[in-house]
Amino acid sequence: MTGAVKRSLDLILASIGLLILSPLLLAIWAAVRLTSPGPAVFRQERLGRDEKPFIMFKFRSMRIGASDAIHREYVSRMLTGQGAPVEAANGLFKLDSDPRITPLGAWLRKTSLDELPQLVNVLRGDMSLVGPRPVLAWEAALFSDEARARFRTRPGLTGLWQVSGRNRLTMPQALELDVEYVRRQSLWLDLTIIARTVPAQLRRGTA
């Protein structure tokens with residue numbers, strides 16, 4: 001799949017998504033503002049294609065001023081195989097029982113609705129609809145040389161490991177699937193992952 005085809009798909013589907021989901025986005029924005037102090041949208045620097053930094057948008061799910069020490073320890077343990085499987089948690093790099101998360105934030109994370117503002121990142125060209133999840137610089141510093149191949153493409157809202165269906169997936173295995181996606185990426189694979197993402201998220205949201 002050429003970069004132009006992938007980019008065109010991103011622009012079309014992200015634009016449609018933002019238009020259709022605008023009432024939901026507004027409702028979530030209001031709910032976050034009303035249920036905890038601070039801005040509704042969280043901005044954070046992540047690494048994109050070729051490890052180029054960009055500002056990623058999310059609905060805020062944590063309390064303002066929370067330390068990231070617990071998250072750093074969790075990711076370090078997961079990458080060394082000392083942590084729980086990915087699907088036993090909230091997803092790649094997400095701690096299952098995180099005291100920093102607000103009650104509304106826990107639901108937003110479970111349903112992945114906190115990620116919807118990244119449709120704006122897709123329109124801006126920072127991200128794609130499908131690709132490896134964007135990571136922090138200190139997280140990337142823990143990757144093996146092989147895992148760094150995931151930076152050859154734009155990060156995505158969803159990806160191959162999220163819909164892999166494995167129920168005992170370690171973080172290193174998830175990174176391997178990211179690299180596999182980079183190697184195999186095609187228009188058909190992207191459409192297949194997009195089609196499988198919604199049912200996968202619905203299952204998680206009702207679990």
# chains A, B, ... in the order shown; residues from 1 in each chain; ligands from 1

$ residues_around --residues "Leu47 of chain A" --least-positions-apart "2" --cutoff "6 Å" --atoms "only C-alpha atoms" --output "ChimeraX atom specification"
/A:51-53,134-135

$ write_last_selection --atoms "N, CA and C atoms" --output "CSV table (one decimal), in the first residue's frame"
chain,number,residue,atom,x,y,z
A,51,GLU,N,10.4,8.2,15.0
A,51,GLU,CA,10.6,8.7,16.4
A,51,GLU,C,10.6,10.3,16.5
A,52,LYS,N,9.8,10.9,15.5
A,52,LYS,CA,9.6,12.3,15.6
A,52,LYS,C,8.6,12.7,16.6
A,53,PRO,N,8.8,13.6,17.5
A,53,PRO,CA,7.9,13.9,18.6
A,53,PRO,C,6.7,14.7,18.0
A,134,PRO,N,1.2,5.1,19.7
A,134,PRO,CA,2.3,6.1,20.0
A,134,PRO,C,2.8,5.9,21.4
A,135,VAL,N,4.1,6.0,21.6
A,135,VAL,CA,4.6,5.8,22.9
A,135,VAL,C,5.4,7.1,23.4

$ residues_around --residues "Leu175 of chain A" --least-positions-apart "4" --cutoff "12 Å" --atoms "only C-alpha atoms" --output "MDAnalysis selection string"
chainID A and resid 78:79 86 92:93 131:135 139:140 142:151 159:162 169:171 179:182

$ write_last_selection --atoms "C-alpha atoms" --output "PDB file, in the first residue's frame"
ATOM      1  CA  MET A  78       6.019  -5.634  31.403  1.00  0.00           C
ATOM      2  CA  LEU A  79       8.905  -5.205  28.955  1.00  0.00           C
ATOM      3  CA  VAL A  86      -1.611  -7.257  28.091  1.00  0.00           C
ATOM      4  CA  LEU A  92      -0.570  -1.976  25.940  1.00  0.00           C
ATOM      5  CA  PHE A  93       1.231   0.252  28.455  1.00  0.00           C
ATOM      6  CA  GLY A 131      -0.539   1.453  13.196  1.00  0.00           C
ATOM      7  CA  PRO A 132       1.471   0.867  16.364  1.00  0.00           C
ATOM      8  CA  ARG A 133       0.283   2.859  19.362  1.00  0.00           C
ATOM      9  CA  PRO A 134       2.264   6.086  19.983  1.00  0.00           C
ATOM     10  CA  VAL A 135       4.641   5.826  22.921  1.00  0.00           C
ATOM     11  CA  GLU A 139       9.183   3.961  26.919  1.00  0.00           C
ATOM     12  CA  ALA A 140      10.870   3.757  23.517  1.00  0.00           C
ATOM     13  CA  LEU A 142      13.391   0.430  26.744  1.00  0.00           C
ATOM     14  CA  PHE A 143      12.663  -1.185  23.352  1.00  0.00           C
ATOM     15  CA  SER A 144      14.932  -3.715  21.697  1.00  0.00           C
ATOM     16  CA  ASP A 145      16.507  -2.852  18.344  1.00  0.00           C
ATOM     17  CA  GLU A 146      14.014  -5.171  16.642  1.00  0.00           C
ATOM     18  CA  ALA A 147      11.026  -3.465  18.266  1.00  0.00           C
ATOM     19  CA  ARG A 148      12.172  -0.053  17.057  1.00  0.00           C
ATOM     20  CA  ALA A 149      11.130  -1.097  13.546  1.00  0.00           C
ATOM     21  CA  ARG A 150       7.607  -0.071  14.646  1.00  0.00           C
ATOM     22  CA  PHE A 151       8.673   3.555  14.102  1.00  0.00           C
ATOM     23  CA  GLY A 159      -3.407  -1.896  15.377  1.00  0.00           C
ATOM     24  CA  LEU A 160      -2.734  -5.566  14.798  1.00  0.00           C
ATOM     25  CA  TRP A 161      -2.178  -6.623  18.405  1.00  0.00           C
ATOM     26  CA  GLN A 162      -5.404  -4.973  19.596  1.00  0.00           C
ATOM     27  CA  LEU A 169      -0.281 -11.653  25.166  1.00  0.00           C
ATOM     28  CA  THR A 170       2.837 -10.255  26.808  1.00  0.00           C
ATOM     29  CA  MET A 171       4.081  -6.772  26.021  1.00  0.00           C
ATOM     30  CA  VAL A 179       6.686  -4.974  13.799  1.00  0.00           C
ATOM     31  CA  GLU A 180       4.717  -7.629  11.913  1.00  0.00           C
ATOM     32  CA  TYR A 181       2.160  -4.977  10.953  1.00  0.00           C
ATOM     33  CA  VAL A 182       4.906  -2.719   9.585  1.00  0.00           C
TER      34      VAL A 182
END

$ atom_distance --atom1 "atom CA of Leu119 of chain A" --atom2 "atom CA of Leu19 of chain A"
10.6 Å

$ closest_residue --among "A:Ile20, A:Ala137, A:Ala195, A:Leu177" --to "Gln44 of chain A" --atoms "only C-alpha atoms"
A:Ala137

$ residues_around --residues "Pro103 of chain A" --least-positions-apart "4" --cutoff "10 Å" --atoms "only C-alpha atoms" --output "PyMOL selection string"
chain A and resi 35-36+61-62+99+107-108

$ write_last_selection --atoms "N, CA and C atoms" --output "tab-separated table (two decimals), in the first residue's frame"
chain	number	residue	atom	x	y	z
A	35	THR	N	-16.87	16.45	36.14
A	35	THR	CA	-16.63	15.44	37.16
A	35	THR	C	-15.26	15.53	37.83
A	36	SER	N	-14.35	16.34	37.32
A	36	SER	CA	-13.05	16.49	37.97
A	36	SER	C	-12.39	17.79	37.50
A	61	SER	N	-8.23	11.30	31.61
A	61	SER	CA	-8.77	10.22	32.43
A	61	SER	C	-8.13	10.18	33.81
A	62	MET	N	-7.13	11.02	34.04
A	62	MET	CA	-6.42	11.03	35.32
A	62	MET	C	-6.64	12.34	36.07
A	99	PRO	N	-4.46	4.11	40.68
A	99	PRO	CA	-5.14	5.04	41.59
A	99	PRO	C	-5.22	6.46	41.07
A	107	TRP	N	-13.90	4.36	33.00
A	107	TRP	CA	-14.86	3.92	31.97
A	107	TRP	C	-14.41	4.34	30.57
A	108	LEU	N	-13.89	5.56	30.45
A	108	LEU	CA	-13.41	6.02	29.15
A	108	LEU	C	-12.28	5.14	28.64

$ closest_residue --among "A:Leu189, A:Val163, A:Ala141, A:Leu116" --to "Gly17 of chain A" --atoms "only C-alpha atoms"
A:Leu116

$ atom_distance --atom1 "atom CA of Ile101 of chain A" --atom2 "atom CA of Gly156 of chain A"
23.1 Å

$ atom_distance --atom1 "atom CA of Arg124 of chain A" --atom2 "atom CA of Arg46 of chain A"
14.4 Å

$ residues_around --residues "Phe42 of chain A" --least-positions-apart "2" --cutoff "9 Å" --atoms "only C-alpha atoms" --output "mmCIF file with N, CA and C atoms, in the first residue's frame"
data_model
loop_
_atom_site.group_PDB
_atom_site.id
_atom_site.type_symbol
_atom_site.label_atom_id
_atom_site.label_comp_id
_atom_site.auth_asym_id
_atom_site.auth_seq_id
_atom_site.Cartn_x
_atom_site.Cartn_y
_atom_site.Cartn_z
ATOM 1 N N PRO A 39 -8.557 20.512 32.591
ATOM 2 C CA PRO A 39 -9.042 20.530 31.200
ATOM 3 C C PRO A 39 -9.622 19.191 30.794
ATOM 4 N N ALA A 40 -10.511 19.218 29.806
ATOM 5 C CA ALA A 40 -11.126 17.972 29.334
ATOM 6 C C ALA A 40 -10.195 17.183 28.430
ATOM 7 N N GLN A 44 -0.080 15.417 25.352
ATOM 8 C CA GLN A 44 1.181 14.800 25.786
ATOM 9 C C GLN A 44 2.080 14.544 24.584
ATOM 10 N N MET A 56 0.051 14.479 21.234
ATOM 11 C CA MET A 56 -1.105 13.606 21.093
ATOM 12 C C MET A 56 -2.232 14.081 22.005
ATOM 13 N N PHE A 57 -3.470 13.973 21.516
ATOM 14 C CA PHE A 57 -4.646 14.404 22.259
ATOM 15 C C PHE A 57 -5.414 13.204 22.800
ATOM 16 N N LYS A 58 -5.922 13.343 24.031
ATOM 17 C CA LYS A 58 -6.800 12.341 24.634
ATOM 18 C C LYS A 58 -7.780 13.073 25.539
ATOM 19 N N PHE A 59 -8.937 12.460 25.780
ATOM 20 C CA PHE A 59 -9.767 12.957 26.865
ATOM 21 C C PHE A 59 -9.056 12.614 28.175
ATOM 22 N N ARG A 60 -8.999 13.564 29.083
ATOM 23 C CA ARG A 60 -8.281 13.357 30.337
ATOM 24 C C ARG A 60 -8.986 12.296 31.173
ATOM 25 N N SER A 61 -8.227 11.304 31.608
ATOM 26 C CA SER A 61 -8.774 10.218 32.428
ATOM 27 C C SER A 61 -8.134 10.177 33.811
#

$ select_by_dssp --residues "segment 118-175 of chain A" --states "alpha helix (DSSP H)" --output "NGL selection string"
:A and (118-124 or 137-140 or 171-175)

$ residues_around --residues "Arg196 of chain A" --least-positions-apart "2" --cutoff "12 Å" --atoms "only C-alpha atoms" --output "VMD selection string"
chain A and resid 130 158 to 165 189 to 194 198 to 203

$ write_last_selection --atoms "C-alpha atoms" --output "PDB file, in the first residue's frame"
ATOM      1  CA  VAL A 130      -4.062   1.895  11.888  1.00  0.00           C
ATOM      2  CA  THR A 158      -5.745   0.816  16.518  1.00  0.00           C
ATOM      3  CA  GLY A 159      -3.407  -1.896  15.377  1.00  0.00           C
ATOM      4  CA  LEU A 160      -2.734  -5.566  14.798  1.00  0.00           C
ATOM      5  CA  TRP A 161      -2.178  -6.623  18.405  1.00  0.00           C
ATOM      6  CA  GLN A 162      -5.404  -4.973  19.596  1.00  0.00           C
ATOM      7  CA  VAL A 163      -7.467  -7.293  17.375  1.00  0.00           C
ATOM      8  CA  SER A 164      -5.184 -10.330  17.466  1.00  0.00           C
ATOM      9  CA  GLY A 165      -7.575 -12.287  19.683  1.00  0.00           C
ATOM     10  CA  LEU A 189      -4.931  -5.378   6.281  1.00  0.00           C
ATOM     11  CA  ASP A 190      -5.835  -1.847   7.410  1.00  0.00           C
ATOM     12  CA  LEU A 191      -9.494  -2.301   6.445  1.00  0.00           C
ATOM     13  CA  THR A 192      -9.584  -5.679   8.194  1.00  0.00           C
ATOM     14  CA  ILE A 193      -8.142  -4.220  11.418  1.00  0.00           C
ATOM     15  CA  ILE A 194     -10.565  -1.281  11.332  1.00  0.00           C
ATOM     16  CA  VAL A 198     -15.277  -1.915  16.855  1.00  0.00           C
ATOM     17  CA  PRO A 199     -16.479  -5.425  17.872  1.00  0.00           C
ATOM     18  CA  ALA A 200     -13.312  -5.884  19.949  1.00  0.00           C
ATOM     19  CA  GLN A 201     -13.935  -2.627  21.804  1.00  0.00           C
ATOM     20  CA  LEU A 202     -17.607  -3.458  22.335  1.00  0.00           C
ATOM     21  CA  ARG A 203     -16.589  -6.747  23.941  1.00  0.00           C
TER      22      ARG A 203
END
